[in-house]
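Student: So that we are looking at the same thing, I have put the structure below in C-alpha cells.
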Amino acid sequence: MNWVQGRDPEQREFHQAVLGVLATIGPVLEHHPEYRRLAVLERIMEPERVILFRVPWMDDKGQVQVNRGYRVQMNSALGPYKGGLRFHPSVNLGIMKFLAFEQVFKNALTPLVLGGAKGGADFDPKGRSDGEVMRFCQAFMAELSRHIGPDTDIPAGDIGVGGREIGYLFGMYKKIANEFTGVLTGKGLAWGGSLIRPEAAGYGMVYFAGEMLATRGQTLEGKRCLISGAGNVALFAAEKALELGGRVLTLSDSTGVIYDEQGLDLDKLAFIKDLKNFRRGRLTEYGERYPGAIYIPCDPLAADGDQHLVWSFPADCAFPCATQNEINGHDAARLLAGGVGLVCEGANMPCLPEAVELFLAQNILYGPGKAANAGGVAVSGMEMAQNAMRLSWSRVEVDARLRQIMKFIHQSCLDTAAEYGVSGNYVAGANIAGFVKVARAMLEQGLV
Ligand code: NDP
Ligand code: 2IT
C-alpha cells in the first residue's frame with residue numbers, strides 16, 4: 001500500500017480498491033512466497049498501458065469545448081482488454097484506475113476469456129443535445145480508435161454511456177477502421193447487439209442476490225428493497241426484483257430520492273424508463289405523477305460523515321446501483337438498524353471500507369460488486385461471441401446463460417472462501433478467486 005500510495009498520492013479511489021483486495025489475499029501470498037520476488041502484486045497494481053488524450057469538440061453555440069479522455073488498459077493476462085466507458089464530470093485518472101482494477105478481477109470471475117480495462121471522459125452529457133453528444137463521441141473515438149479493436153480492447157457502457165453513445169462511438173470507429181466488427185458491446189440490436197445486454201448487470205445482480213438468499217433458505221418474495229440510482233443497472237435491477245416478488249421502495253438520481261411506500265410496479269417502472277432513457281428528465285416528475293410517493297430533492301451523495309437519505313428507510317435488502325462510495329459507516333449502521341439482511345452491489349465499490357466491515361461483522365449477506373454485477377460484462381462477452389460467429393442468440397438463451405454464470409460466480413466465491421477458511425465471506429472469496437486466476441496466467445506467460 002505504501003508503494004502504491006507513494007507513486008500516485010492523489011488517487012484515493014484507486015488506493016481504496018487496491019486495499020480492498022490486498023486486505024483479503026494474505027493467505028494466497030503465504031502459500032506463494034515466490035510472488036514477492038516475481039513482483040506479482042506490483043505488476044497487478046500497475047496498468048499495462050494508460051492512454052490520456054485531448055477531446056476537442058464544438059457545442060451547439062459554435063463554442064469549442066475541450067475534455068480529457070482516458071483508457072486504462074489494466075491487465076491482459078486472461079484475454080483482450082474489456083470494460084466500460086464512463087462519461088461524468090467527476091472522471092479522473094484515479095477513478096479510471098480503480099474501475100479498471102476492479103474490472104480485472106470481475107472479468108476473471110466469469111468463465112469468459114477477458115482482460116480488464118476502463119475508460120471515459122470528464123464530459124457531462126446532461127443537458128447536452130443529441131448533436132453535441134454525437135460530436136463529442138466522434139471526437140473521443142477519433143483518438144480512442146487507434147488503441148482498441150475486436151481482439152485488442154473492447155469498450156462498453158458505464159455511467160453516462162448507454163445505447164445512444166455506443167451508437168455514435170461505433171459509427172465513428174467503423175468509418176475510421178473501415179470494418180464492421182464487434183469492437184464495442186452494448187450495440188443496437190439491429191447491428192450486432194445482444195439481447196439482454198441492457199438488462200444484464202441489473203438482472204445478474206438480482207440473480208446473485210437470489211443465490212445468496214437461498215443459502216439461508218430465503219427468497220426475494222415480499223422483501224422490502226431499497227435501490228439507489230435510476231440508470232441502466234438500477235432500473236433493470238428493479239424490474240427483476242419486482243418479477244421475483246420483491247417490494248421496491250426507492251430509486252434515486254443525482255438530484256433526489258423517491259420513496260414509494262406502496263412500492264413500484266411495472267407501469268411505474270415503464271414511466272421512469274421513458275423519463276430517463278428518452279426524455280432524459282429528473283425523478284421530480286415521478287413525485288408529480290404519483291402523488292402517493294414522496295420525492296425528496298437532495299444531492300444524494302452530498303452527505304459527508306452524515307447519512308445518505310436513500311439508506312434511511314427500514315428495509316430487508318439494499319441494492320446500491322448508482323456510483324462509488326454511496327454507503328458510508330453511518331448508512332451501514334442505519335441499514336442494519338432498519339432490518340437489512342442483504343446488501344448486494346450493482347454499482348462498482350459503492351460501499352466504503354467501514355460499511356463493508358460492519359456488514360461482515362454483523363454476518364449479513366454482503367455481495368461485492370466485482371462478483372454481483374459481473375452479469376453486465378458477462379453478456380458483453382456473449383455479445384462478442386455472437387459477433388465473432390456472425391449470429392445471434394435468443395433472449396431465452398442469453399438469459400439462461402446469464403443465470404448460469406451468476407450461479408457459477410456465486411458458487412466459486414463460496415467455494416474459495418471455504419477453501420481459505422473464511423466461509424460465507426463473499427469479499428474474500430471473490431478477491432482470492434479472481435486474484436489466483438490472474439496471477440497464475442501472468443506467471444505462465446512470463447515477464448511481459
Ligand atoms: P447510468 O448512467 O445509467 O446511471 C447512473 C445512475 O446513478 C443515474 O441515475 C445517476 O443519476 C446516478 N448517479 C451517478 N453518479 C452519481 C453521482 N455522482 N451522484 C449522484 N447520483 C449519481 O449508469 P449505470 O447504471 O450504467 O451504472 C451505475 C453503476 O453500475 C456504476 O457504478 C457502474 O460502474 C456500475 N456498473 C455498470 C454496468 C453496466 O453495464 N452499465 C455493469 C456493472 C456495473 P443522474 O441520472 O442524475 O445522473
Ligand atoms: O463495470 C462494468 O462491468 C461495466 N461497465 C460493463 C463492462 C462491459 O465491458 O460490459
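Here, A, B, ... name the chains of the C-alpha cells in the order displayed, residue numbers run from 1 inside each chain, and ligands are numbered from 1 in the same displayed order.
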Quick one: everything within 8 Å of segment 66-74 of chain A, counting only C-alpha atoms, minus sequence neighbours fewer than 2 positions away in the same chain. Send it as a PyMOL selection string.
Tutor: chain A and resi 44+46-57+64+76+81+93+96-97+100-101+104+115-123+140+144+153
Student: Near Leu402 of chain A, counting only C-alpha atoms, which residues have an atom at most 8 Å away, once you skip same-chain residues fewer than 2 positions from it, shown as a list in words?
Tutor: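 Using only C-alpha atoms, the neighbours found are Ala200, Gly204, Gly375, Ala378, Val379, Val398, Asp399, Ala400, Gln404, Ile405 and Met406 of chain A.
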Student: Which residues are near ligand 2 in this structure, taking near to mean any atom at most 6 Å from a ligand atom and counting only C-alpha atoms and all ligand atoms? Format them as a PyMOL selection string.
Tutor: chain A and resi 82-84+155-158+374+376-377+380
Student: Using only C-alpha atoms and all ligand atoms, what does the table of chain A residues within 6 Å of ligand 1 look like, with each row giving the shortest atom pair and its distance in Å to one decimal, sorted by chain and ascending number, as CSV?
Tutor:
```
residue,atom,partner,partner_atom_place_in_ligand_line,distance
A:Gly157,CA,ligand 1,41 (N),5.3
A:Asp158,CA,ligand 1,26 (O),4.1
A:Ile159,CA,ligand 1,2 (O),3.3
A:Gly160,CA,ligand 1,2 (O),4.0
A:Ala201,CA,ligand 1,42 (C),4.9
A:Gly229,CA,ligand 1,7 (O),3.9
A:Ala230,CA,ligand 1,9 (O),3.6
A:Gly231,CA,ligand 1,4 (O),3.2
A:Asn232,CA,ligand 1,25 (O),3.7
A:Val233,CA,ligand 1,25 (O),3.8
A:Ala234,CA,ligand 1,25 (O),5.8
A:Asp253,CA,ligand 1,11 (O),3.6
A:Ser254,CA,ligand 1,21 (N),3.6
A:Thr255,CA,ligand 1,47 (O),5.9
A:Pro300,CA,ligand 1,20 (C),5.7
A:Leu301,CA,ligand 1,19 (N),5.4
A:Cys321,CA,ligand 1,29 (C),5.0
A:Ala322,CA,ligand 1,7 (O),3.4
A:Thr323,CA,ligand 1,32 (O),3.8
A:Gln324,CA,ligand 1,32 (O),5.8
A:Gly346,CA,ligand 1,30 (O),5.4
A:Ala347,CA,ligand 1,32 (O),3.5
A:Asn348,CA,ligand 1,32 (O),4.2
A:Asn373,CA,ligand 1,43 (C),4.9
A:Gly376,CA,ligand 1,40 (O),4.5
```
Student: Tell me, which residues of segment 3-80 of chain A carry DSSP alpha helix (DSSP H), written as a PDB file with C-alpha atoms, in the first residue's frame?
Tutor:
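What follows is the written file result_19.pdb:
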```
ATOM      1  CA  TRP A   3       4.310   1.741  -2.591  1.00  0.00           C
ATOM      2  CA  VAL A   4       1.001   2.367  -4.369  1.00  0.00           C
ATOM      3  CA  GLN A   5       0.176   5.466  -2.349  1.00  0.00           C
ATOM      4  CA  GLY A   6       3.675   6.864  -2.738  1.00  0.00           C
ATOM      5  CA  ARG A   7       3.565   6.562  -6.533  1.00  0.00           C
ATOM      6  CA  ARG A  12      -7.829   7.975  -3.477  1.00  0.00           C
ATOM      7  CA  GLU A  13     -10.380   5.654  -5.124  1.00  0.00           C
ATOM      8  CA  PHE A  14      -7.609   3.546  -6.649  1.00  0.00           C
ATOM      9  CA  HIS A  15      -5.969   3.125  -3.231  1.00  0.00           C
ATOM     10  CA  GLN A  16      -9.331   2.131  -1.765  1.00  0.00           C
ATOM     11  CA  ALA A  17      -9.882  -0.549  -4.416  1.00  0.00           C
ATOM     12  CA  VAL A  18      -6.334  -1.902  -4.059  1.00  0.00           C
ATOM     13  CA  LEU A  19      -6.564  -2.016  -0.266  1.00  0.00           C
ATOM     14  CA  GLY A  20      -9.862  -3.896  -0.548  1.00  0.00           C
ATOM     15  CA  VAL A  21      -8.117  -6.654  -2.490  1.00  0.00           C
ATOM     16  CA  LEU A  22      -4.808  -6.663  -0.559  1.00  0.00           C
ATOM     17  CA  GLY A  26      -2.875 -12.679   2.576  1.00  0.00           C
ATOM     18  CA  PRO A  27      -3.489 -16.452   2.698  1.00  0.00           C
ATOM     19  CA  VAL A  28      -2.637 -16.797  -1.026  1.00  0.00           C
ATOM     20  CA  LEU A  29       0.602 -14.879  -0.595  1.00  0.00           C
ATOM     21  CA  GLU A  30       1.574 -17.091   2.343  1.00  0.00           C
ATOM     22  CA  HIS A  31       1.287 -20.139   0.101  1.00  0.00           C
ATOM     23  CA  GLU A  34       7.855 -16.603  -4.700  1.00  0.00           C
ATOM     24  CA  TYR A  35       5.240 -13.976  -5.650  1.00  0.00           C
ATOM     25  CA  ARG A  36       7.335 -11.337  -3.866  1.00  0.00           C
ATOM     26  CA  ARG A  37      10.462 -11.981  -5.974  1.00  0.00           C
ATOM     27  CA  VAL A  40       3.185 -10.228  -8.845  1.00  0.00           C
ATOM     28  CA  LEU A  41       1.387  -7.615  -6.736  1.00  0.00           C
ATOM     29  CA  GLU A  42       3.361  -4.686  -8.127  1.00  0.00           C
ATOM     30  CA  ARG A  43       2.620  -5.885 -11.664  1.00  0.00           C
ATOM     31  CA  ILE A  44      -1.093  -6.351 -10.991  1.00  0.00           C
ATOM     32  CA  MET A  45      -1.349  -2.877  -9.482  1.00  0.00           C
TER      33      MET A  45
END
```
Student: Report as a VMD selection string all protein, DNA and RNA residues lying within 9 Å of Trp393 of chain A, evaluated on only C-alpha atoms, omitting residues in the same chain fewer than 3 positions from it.
Tutor: chain A and resid 194 to 195 386 396 to 398
Student: Can you pull out every residue from segment 111-172 of chain A that DSSP, working from the backbone, puts in strand (DSSP E or B), and format the result as a list in words?
Tutor: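 Of segment 111-172 of chain A, the ones in strand (DSSP E or B) are Gly116, Ala117, Lys118, Gly119, Gly120, Ala121, Gly149, Asp153, Ile154, Pro155, Ala156, Asp158 and Val161 of chain A.
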Student: Take the residues from that selection and write them out as a PDB file, in the first residue's frame, keeping N, CA, C and O atoms.
Tutor:
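Output below, filename result09.pdb:
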```pdb
ATOM      1  N   GLY A 116      -8.876  -6.818 -18.419  1.00  0.00           N
ATOM      2  CA  GLY A 116      -9.637  -5.739 -17.788  1.00  0.00           C
ATOM      3  C   GLY A 116      -9.159  -4.349 -18.191  1.00  0.00           C
ATOM      4  O   GLY A 116      -7.952  -4.103 -18.318  1.00  0.00           O
ATOM      5  N   ALA A 117     -10.134  -3.424 -18.401  1.00  0.00           N
ATOM      6  CA  ALA A 117      -9.807  -2.038 -18.751  1.00  0.00           C
ATOM      7  C   ALA A 117     -10.959  -1.133 -18.335  1.00  0.00           C
ATOM      8  O   ALA A 117     -12.040  -1.617 -17.965  1.00  0.00           O
ATOM      9  N   LYS A 118     -10.749   0.145 -18.362  1.00  0.00           N
ATOM     10  CA  LYS A 118     -11.846   1.114 -18.178  1.00  0.00           C
ATOM     11  C   LYS A 118     -11.424   2.401 -18.864  1.00  0.00           C
ATOM     12  O   LYS A 118     -10.245   2.675 -19.017  1.00  0.00           O
ATOM     13  N   GLY A 119     -12.414   3.177 -19.279  1.00  0.00           N
ATOM     14  CA  GLY A 119     -12.082   4.443 -19.912  1.00  0.00           C
ATOM     15  C   GLY A 119     -13.196   5.430 -19.717  1.00  0.00           C
ATOM     16  O   GLY A 119     -14.170   5.164 -19.005  1.00  0.00           O
ATOM     17  N   GLY A 120     -13.059   6.577 -20.364  1.00  0.00           N
ATOM     18  CA  GLY A 120     -14.120   7.562 -20.245  1.00  0.00           C
ATOM     19  C   GLY A 120     -13.607   8.968 -20.440  1.00  0.00           C
ATOM     20  O   GLY A 120     -12.526   9.177 -21.004  1.00  0.00           O
ATOM     21  N   ALA A 121     -14.398   9.917 -19.953  1.00  0.00           N
ATOM     22  CA  ALA A 121     -14.034  11.330 -20.104  1.00  0.00           C
ATOM     23  C   ALA A 121     -14.766  12.146 -19.043  1.00  0.00           C
ATOM     24  O   ALA A 121     -15.806  11.727 -18.531  1.00  0.00           O
ATOM     25  N   GLY A 149      -9.727  -2.530 -30.590  1.00  0.00           N
ATOM     26  CA  GLY A 149     -10.016  -3.418 -31.719  1.00  0.00           C
ATOM     27  C   GLY A 149     -10.701  -4.657 -31.170  1.00  0.00           C
ATOM     28  O   GLY A 149     -10.583  -4.940 -29.976  1.00  0.00           O
ATOM     29  N   ASP A 153      -9.005  -4.551 -27.501  1.00  0.00           N
ATOM     30  CA  ASP A 153      -9.659  -3.852 -26.390  1.00  0.00           C
ATOM     31  C   ASP A 153     -11.066  -3.527 -26.846  1.00  0.00           C
ATOM     32  O   ASP A 153     -11.252  -2.929 -27.913  1.00  0.00           O
ATOM     33  N   ILE A 154     -12.054  -3.949 -26.047  1.00  0.00           N
ATOM     34  CA  ILE A 154     -13.458  -3.829 -26.448  1.00  0.00           C
ATOM     35  C   ILE A 154     -14.221  -3.034 -25.393  1.00  0.00           C
ATOM     36  O   ILE A 154     -14.707  -3.592 -24.407  1.00  0.00           O
ATOM     37  N   PRO A 155     -14.391  -1.727 -25.584  1.00  0.00           N
ATOM     38  CA  PRO A 155     -15.118  -0.921 -24.600  1.00  0.00           C
ATOM     39  C   PRO A 155     -16.627  -1.190 -24.628  1.00  0.00           C
ATOM     40  O   PRO A 155     -17.152  -1.848 -25.530  1.00  0.00           O
ATOM     41  N   ALA A 156     -17.312  -0.676 -23.605  1.00  0.00           N
ATOM     42  CA  ALA A 156     -18.771  -0.827 -23.491  1.00  0.00           C
ATOM     43  C   ALA A 156     -19.284   0.403 -22.741  1.00  0.00           C
ATOM     44  O   ALA A 156     -18.581   1.405 -22.635  1.00  0.00           O
ATOM     45  N   ASP A 158     -21.020   2.532 -19.347  1.00  0.00           N
ATOM     46  CA  ASP A 158     -20.951   2.674 -17.881  1.00  0.00           C
ATOM     47  C   ASP A 158     -21.744   3.962 -17.600  1.00  0.00           C
ATOM     48  O   ASP A 158     -22.599   4.343 -18.426  1.00  0.00           O
ATOM     49  N   VAL A 161     -22.873   6.516 -20.393  1.00  0.00           N
ATOM     50  CA  VAL A 161     -22.684   5.905 -21.723  1.00  0.00           C
ATOM     51  C   VAL A 161     -23.672   4.747 -21.858  1.00  0.00           C
ATOM     52  O   VAL A 161     -23.516   3.704 -21.227  1.00  0.00           O
TER      53      VAL A 161
END
```
Student: Do a neighbour search on segment 206-217 of chain A at 9 Å with only C-alpha atoms, toss out local chain neighbours closer than 4 positions, and write the hits as a PyMOL selection string.
Tutor: chain A and resi 201-202+237-238+240-241+244+319+342-344+346+365-367+371-373+402-403+406-407+409-411
Student: Grab the residues selected above and save them as a JSON list (two decimals), in the first residue's frame with N, CA and C atoms.
Tutor:
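Writing done, so here's out_27.json:
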```json
[["chain", "number", "residue", "atom", "x", "y", "z"],
["A", 201, "ALA", "N", -26.60, -6.32, -16.26],
["A", 201, "ALA", "CA", -25.97, -6.04, -14.95],
["A", 201, "ALA", "C", -27.03, -6.07, -13.84],
["A", 202, "GLY", "N", -28.17, -5.45, -14.10],
["A", 202, "GLY", "CA", -29.24, -5.41, -13.09],
["A", 202, "GLY", "C", -29.86, -6.78, -12.84],
["A", 237, "ALA", "N", -32.44, -3.79, -12.33],
["A", 237, "ALA", "CA", -32.44, -4.48, -11.03],
["A", 237, "ALA", "C", -33.85, -4.40, -10.46],
["A", 238, "ALA", "N", -34.46, -3.23, -10.55],
["A", 238, "ALA", "CA", -35.82, -3.06, -10.03],
["A", 238, "ALA", "C", -36.78, -3.98, -10.76],
["A", 240, "LYS", "N", -36.22, -6.84, -12.30],
["A", 240, "LYS", "CA", -36.07, -8.27, -11.92],
["A", 240, "LYS", "C", -36.51, -8.49, -10.48],
["A", 241, "ALA", "N", -36.22, -7.53, -9.60],
["A", 241, "ALA", "CA", -36.64, -7.68, -8.19],
["A", 241, "ALA", "C", -38.17, -7.77, -8.12],
["A", 244, "LEU", "N", -39.45, -11.09, -9.18],
["A", 244, "LEU", "CA", -39.23, -12.15, -8.18],
["A", 244, "LEU", "C", -39.99, -11.89, -6.88],
["A", 319, "PHE", "N", -29.73, -2.40, -2.47],
["A", 319, "PHE", "CA", -29.03, -2.60, -3.74],
["A", 319, "PHE", "C", -28.46, -1.27, -4.23],
["A", 342, "LEU", "N", -29.44, -8.15, 3.68],
["A", 342, "LEU", "CA", -28.68, -8.40, 2.45],
["A", 342, "LEU", "C", -28.31, -7.07, 1.80],
["A", 343, "VAL", "N", -27.04, -6.92, 1.46],
["A", 343, "VAL", "CA", -26.58, -5.78, 0.66],
["A", 343, "VAL", "C", -25.88, -6.36, -0.55],
["A", 344, "CYS", "N", -26.36, -6.02, -1.73],
["A", 344, "CYS", "CA", -25.78, -6.59, -2.94],
["A", 344, "CYS", "C", -25.47, -5.44, -3.89],
["A", 346, "GLY", "N", -24.82, -3.42, -7.15],
["A", 346, "GLY", "CA", -24.94, -3.26, -8.59],
["A", 346, "GLY", "C", -23.89, -2.32, -9.10],
["A", 365, "LEU", "N", -25.75, -10.95, 4.63],
["A", 365, "LEU", "CA", -25.29, -11.34, 3.29],
["A", 365, "LEU", "C", -24.78, -10.09, 2.58],
["A", 366, "TYR", "N", -23.51, -10.09, 2.21],
["A", 366, "TYR", "CA", -22.94, -8.92, 1.54],
["A", 366, "TYR", "C", -22.24, -9.37, 0.25],
["A", 367, "GLY", "N", -22.77, -8.93, -0.88],
["A", 367, "GLY", "CA", -22.23, -9.33, -2.18],
["A", 367, "GLY", "C", -21.47, -8.19, -2.83],
["A", 371, "ALA", "N", -18.26, -9.32, -7.98],
["A", 371, "ALA", "CA", -18.92, -10.60, -8.22],
["A", 371, "ALA", "C", -20.38, -10.36, -8.65],
["A", 372, "ALA", "N", -21.08, -9.52, -7.89],
["A", 372, "ALA", "CA", -22.53, -9.39, -8.06],
["A", 372, "ALA", "C", -22.93, -8.69, -9.36],
["A", 373, "ASN", "N", -22.11, -7.73, -9.83],
["A", 373, "ASN", "CA", -22.54, -7.02, -11.05],
["A", 373, "ASN", "C", -21.81, -7.51, -12.31],
["A", 402, "LEU", "N", -26.81, -16.21, -18.70],
["A", 402, "LEU", "CA", -26.51, -15.20, -17.66],
["A", 402, "LEU", "C", -26.78, -15.79, -16.27],
["A", 403, "ARG", "N", -27.92, -16.41, -16.14],
["A", 403, "ARG", "CA", -28.30, -17.01, -14.87],
["A", 403, "ARG", "C", -27.27, -18.06, -14.42],
["A", 406, "MET", "N", -24.05, -16.33, -13.25],
["A", 406, "MET", "CA", -24.16, -15.73, -11.91],
["A", 406, "MET", "C", -24.12, -16.81, -10.84],
["A", 407, "LYS", "N", -24.74, -17.94, -11.14],
["A", 407, "LYS", "CA", -24.72, -19.07, -10.22],
["A", 407, "LYS", "C", -23.29, -19.60, -10.05],
["A", 409, "ILE", "N", -20.47, -17.89, -10.56],
["A", 409, "ILE", "CA", -19.64, -16.93, -9.81],
["A", 409, "ILE", "C", -19.95, -17.01, -8.32],
["A", 410, "HIS", "N", -21.24, -17.10, -8.01],
["A", 410, "HIS", "CA", -21.66, -17.21, -6.61],
["A", 410, "HIS", "C", -21.01, -18.43, -5.96],
["A", 411, "GLN", "N", -21.06, -19.53, -6.65],
["A", 411, "GLN", "CA", -20.51, -20.77, -6.09],
["A", 411, "GLN", "C", -18.99, -20.68, -5.96]]
```
Student: Separation of atom CA of Ala418 of chain A and atom CA of Ala433 of chain A, in Å?
Tutor: 11.4 Å
Student: Could you pull the residues within 10 Å of Lys126 of chain A, counting only C-alpha atoms, minus those fewer than 4 positions along the same chain, as a PyMOL selection string?
Tutor: chain A and resi 87-89+133+160+280-281
Student: Which is closer to Leu112 of chain A than all the others in A:Met389, A:Leu443, A:Leu352, A:Met382, using only C-alpha atoms?
Tutor: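 Closest residue, counting only C-alpha atoms: A:Met382.
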Student: Between atom CA of Lys268 of chain A and atom CA of Leu336 of chain A, measure the distance and give it in Å to one decimal.
Tutor: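 A separation of 28.1 Å between them.
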Student: Need to verify the contact set: Glu102 of chain A, 8 Å, only C-alpha atoms, exclusion of same-chain residues closer than 3 positions in sequence. Can you return it as a PyMOL selection string?
Tutor: chain A and resi 17+98-99+105-106+348+370
